[in-house]
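**Q** Take this structure first; my questions come after.
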Amino acid sequence: MARALFLLLALTPLFLQGWQVRRRWQDPPPRPGQDSVTRYLARFADAARLLPATGRIGYLGDAPRDLVEMALDPATGLYLAQHALAPRILVPGSDAAWVLGNFHDPAACAAAREALGLELVRAFGNGVAVLRRR
Amino acid sequence: MNQGVEIAALCGWAGLGLLLAKHLVPRAAGDRLGVLLQLVLGLSLGLGGAAAMTLFEVYVLHGDPGACLAIRCLEAGYGLVLAILALLTARAAPARVAAGPPAPRWLLLVLAAVAAMAVALVVHRALQKPHGEYDTLAMWNLRARMLLRAPHAFTETLAGLPSFPHADYPPLWPAAVARLWRAAGADLAPVPLAACALHYAGAALVVAAALRTLRGGALAALGGILVLGAPPAARIAAEQLADPPLALHLAAASALLLLAAPAAPARAFGLRLLAGSCLGAAALTKNEGMAAAALVAATCAWGPARGLARLVPLGLGAAPFVAVLVLHLRAVPAANELLPFHRPGQVAAFLADPTRWLAALLTLGDELARFGKGLLVALVVIVVLLRRLGHAAPDDPAGAAARRIACALALLVALHLWIALTTPWPVAFHVRSTEARLLLQLWPSAVLALLALVRGEGLAAARAPSARAEAPA
């Protein structure tokens with residue numbers, strides 16, 4: 001009896017792990033560098049070259065739509081932009097001299113710019129724009 | 001900063017950890033698992049020490065580049081001294097203990113298969129999410145990136161800005177990742193991924209090595225199988241969160257406390273000193289680590305003779321990490337996010353609400369039952385049955401220490417329930433969203449403490465698939 005219990009305890013993880021591997025096998029991962037977060041982070045490369053290397057940067061943005069298995073809320077866009085632009089510190093709002101626009105919809109970026117009286121320094125065509133206070 | 005100096009400085013810390021582990025942790029003659037235990041303990045404590053030094057630089061020296069370079073050179077210098085010391089003492093007799101019976105071959109094959117599948121799952125998850133989970137991006141790796149790129153501006157990120165949530169979370173893991181990135185020369189995504197997965201693998205190794213010394217090879221292999229084979233383990237190990245490092249620190253502390261229990265006083269002091277360092281590292285890794293360190297230390301003091309005396313080496317070992325934790329908490333303007341809700345009136349109102357109790361207990365019970373697809377419940381039930389069937393471990397000091405650690409882990413789950421009950425978030429959501437990670441942090445220590453209560457002889461010797469190939473018990 002004791003040996004049977006031991007065997008059960010030793011073999012159960014083997015079967016559970018095997019079942020998991022079989023399940024994952026049916027869901028092939030993307031090729032390296034092609035996952036949704038890597039592609040999302042790459043959107044900020046041009047803006048990083050244009051913005052000051054340090055200091056506080058304003059941030060305006062909406063919820064990302066093309067991320068897989070991530071919460072699609074505005075905070076996710078902020079965290080990912082912060083990753084791409086560290087060590088600059090992103091602060092939501094338009095109080096800083098430089099402002100990053102991160103909108104899924106270019107029309108929303110234009111509307112926010114007009115409403116807040118910001119000057120467009122450059123739009124990169126992918127929803128990311130660098131703005132300045134007038 | 002010069003990458004060569006960074007690598008040399010990290011080697012210095014690794015050397016310190018290895019030297020301490022080599023001379024303080026006992027192992028059986030020819031026991032390769034014992035060597036690996038010393039290696040894992042040495043490297044994890046070395047990395048923890050390097051990370052704590054980085055935080056000291058940030059909080060005390062404000063990331064001043066000149067002062068940081070001077071510290072790196074010092075670290076590299078003593079790395080050289082330690083390397084010479086390690087070479088000189090390489091032939092010195094390490095602490096020896098009696099080896100338990102080895103594991104049967106069929107069990108080792110099961111362990112190898114489970115380990116191989118765990119690696120496959122980690123690689124799959126790593127390709128799917130090379131940057132980790134939401135929390136990895138929002139907290140852990142983001143902080144590491146700030147520590148790497150602008151250590152002088154790190155304290156600014158603790159001010160409760162929306163782009164840096166949960167500023168009060170202890171930062172040992174991000175600091176460790178920052179050190180590894182500096183040594184790698186760039187903030188490459190595979191670095192935290194590999195480090196995190198290796199920490200969890202290290203936890204499995206620590207559990208197996210401690211059980212090998214205390215209870216023999218069969219239970220050691222079973223411990224490794226259970227730690228690596230619990231279904232959420234491979235997934236969480238690949239998510240670059242602070243949970244796997246915390247699991248290693250807690251498992252290492254538990255293993256050292258178990259090994260210290262039957263040791264002679266001088267040897268036990270050294271082992272508890274290392275265990276204290278592991279608990280200190282746990283406290284500086286996550287809030288749960290703080291609670292776990294306090295509870296493990298408290299249950300360590302609880303016991304027959306000289307209970308309080310056992311706390312002295314624990315405190316001495318933990319002191320450097322606790323000092324850095326105090327520096328961190330002083331630098332965070334906002335208090336721990338859970339504390340402001342603990343006003344007496346509000347807590348009393350929450351505790352008087354039976355619907356909260358019902359929701360909390362039902363959700364906790366469900367999470368406990370579902371952890372590892374039922375593996376936690378199966379482990380507890382089977383350990384109880386094995387003890388009833390005459391396989392209870394002898395009533396030795398290690399068994400008493402294992403019971404104390406099991407109590408500390410159970411108290412930690414109860415504390416988690418208390419927090420869920422007394423904070424204003426929906427209680428079922430709170431338990432559901434945090435319990436799996438808490439249980440994974442505790443899982444290696446729980447496997448170790450529970451299996452240390454069982455006698456391994458005769459359990460795996462017969463009726464096994466390849467019983468003829470087994471080594472004699």
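Residue numbers start at 1 in each chain; chains themselves are named A, B, ... in the order of the structure tokens; ligands are numbered from 1 in the order shown.
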Pull out every residue of chain B sitting within 6 Å of chain A, counting only C-alpha atoms, and send them as a list in words.
**A**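 Residues passing the distance filter: Val114, Leu127, Gln128, Ala138, Leu142, Met146, Arg149, Ala150, Ser163, Leu222, Gly229, Leu386 and Leu459 of chain B.
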**Q** List the spatial neighbours of Cys196 of chain B as a VMD selection string - criterion: any atom at most 8 Å away, only C-alpha atoms, same-chain residues fewer than 3 positions off excluded.
**A** chain B and resid 192 to 193 199 to 200 237 to 242 244 to 245
**Q** To one decimal in Å, tell me the separation between atom CA of Gln38 of chain B and atom CA of Glu6 of chain B.
**A**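 If I compute the distance from atom CA of Gln38 of chain B to atom CA of Glu6 of chain B, I get 23.5 Å.
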**Q** Could you pull out the residues in segment 1-75 of chain A that DSSP calls helix (DSSP H, G or I) from the backbone, as a count of residues only?
**A** 39
**Q** Could you pull out the strand (DSSP E or B) residues of chain A, going by DSSP on the backbone, and write them as a list in words?
**A**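 So, restricting chain A to strand (DSSP E or B), we get Arg56, Ile57, Gly58, Tyr59, Leu60, Gly61, Ile89, Leu90, Val91, Pro92, Gly93, Trp98, Val99, Leu100, Gly101, Asn102, Leu118, Glu119, Leu120, Val121, Arg122, Ala123, Val128, Ala129, Val130, Leu131, Arg132 and Arg133 of chain A.
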**Q** Give me, as a PyMOL selection string, all polymer residues having an atom no more than 9 Å from Gly101 of chain A, counting only C-alpha atoms and skipping those fewer than 3 positions away in the same chain.
**A** chain A and resi 58-61+109+112-113+123+127-131
**Q** Please provide as a list of chain:residue names all residues within 12 Å of Ala116 of chain B, with the sequence filter that same-chain residues fewer than 4 positions apart are discarded (counting only C-alpha atoms).
**A**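 The neighbour list is A:Leu14, A:Gln17, A:Gly18, A:Val21, B:Leu109, B:Val110, B:Leu111, B:Ala112, B:Ala120, B:Leu121, B:Val122, B:Val123, B:Ala201, B:Ile225, B:Leu228, B:Gly229, B:Ala234.
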**Q** Go ahead and write the residues just picked, C-alpha atoms, as an mmCIF file, in the first residue's frame.
**A**
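Below is the file that was written, out_31.cif:
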data_model
loop_
_atom_site.group_PDB
_atom_site.id
_atom_site.type_symbol
_atom_site.label_atom_id
_atom_site.label_comp_id
_atom_site.auth_asym_id
_atom_site.auth_seq_id
_atom_site.Cartn_x
_atom_site.Cartn_y
_atom_site.Cartn_z
ATOM 1 C CA LEU A 14 4.996 12.996 -14.918
ATOM 2 C CA GLN A 17 3.654 17.542 -17.158
ATOM 3 C CA GLY A 18 3.213 15.302 -20.213
ATOM 4 C CA VAL A 21 3.545 19.589 -23.009
ATOM 5 C CA LEU B 109 14.419 8.376 -14.966
ATOM 6 C CA VAL B 110 11.059 9.848 -13.945
ATOM 7 C CA LEU B 111 12.893 12.861 -12.484
ATOM 8 C CA ALA B 112 14.883 13.296 -15.708
ATOM 9 C CA ALA B 120 10.433 22.353 -22.832
ATOM 10 C CA LEU B 121 7.557 24.241 -21.168
ATOM 11 C CA VAL B 122 9.858 27.086 -20.080
ATOM 12 C CA VAL B 123 11.256 27.413 -23.624
ATOM 13 C CA ALA B 201 15.466 24.897 -10.810
ATOM 14 C CA ILE B 225 9.844 15.495 -9.224
ATOM 15 C CA LEU B 228 9.554 20.620 -10.986
ATOM 16 C CA GLY B 229 6.381 18.815 -11.984
ATOM 17 C CA ALA B 234 7.248 25.908 -15.435
#
**Q** Counting only C-alpha atoms, figure out which residue out of B:Leu421, B:Ala76, B:Ala255, B:Ala9 gets nearest to Thr355 of chain B.
**A**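 Closest to Thr355 of chain B, using only C-alpha atoms: B:Leu421.
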**Q** Looking at only C-alpha atoms, which of A:Leu120, A:Leu72, A:Ala48, A:Ala107 is the one that sits closest to Arg134 of chain A?
**A**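 Closest to Arg134 of chain A of all the choices is A:Leu120.
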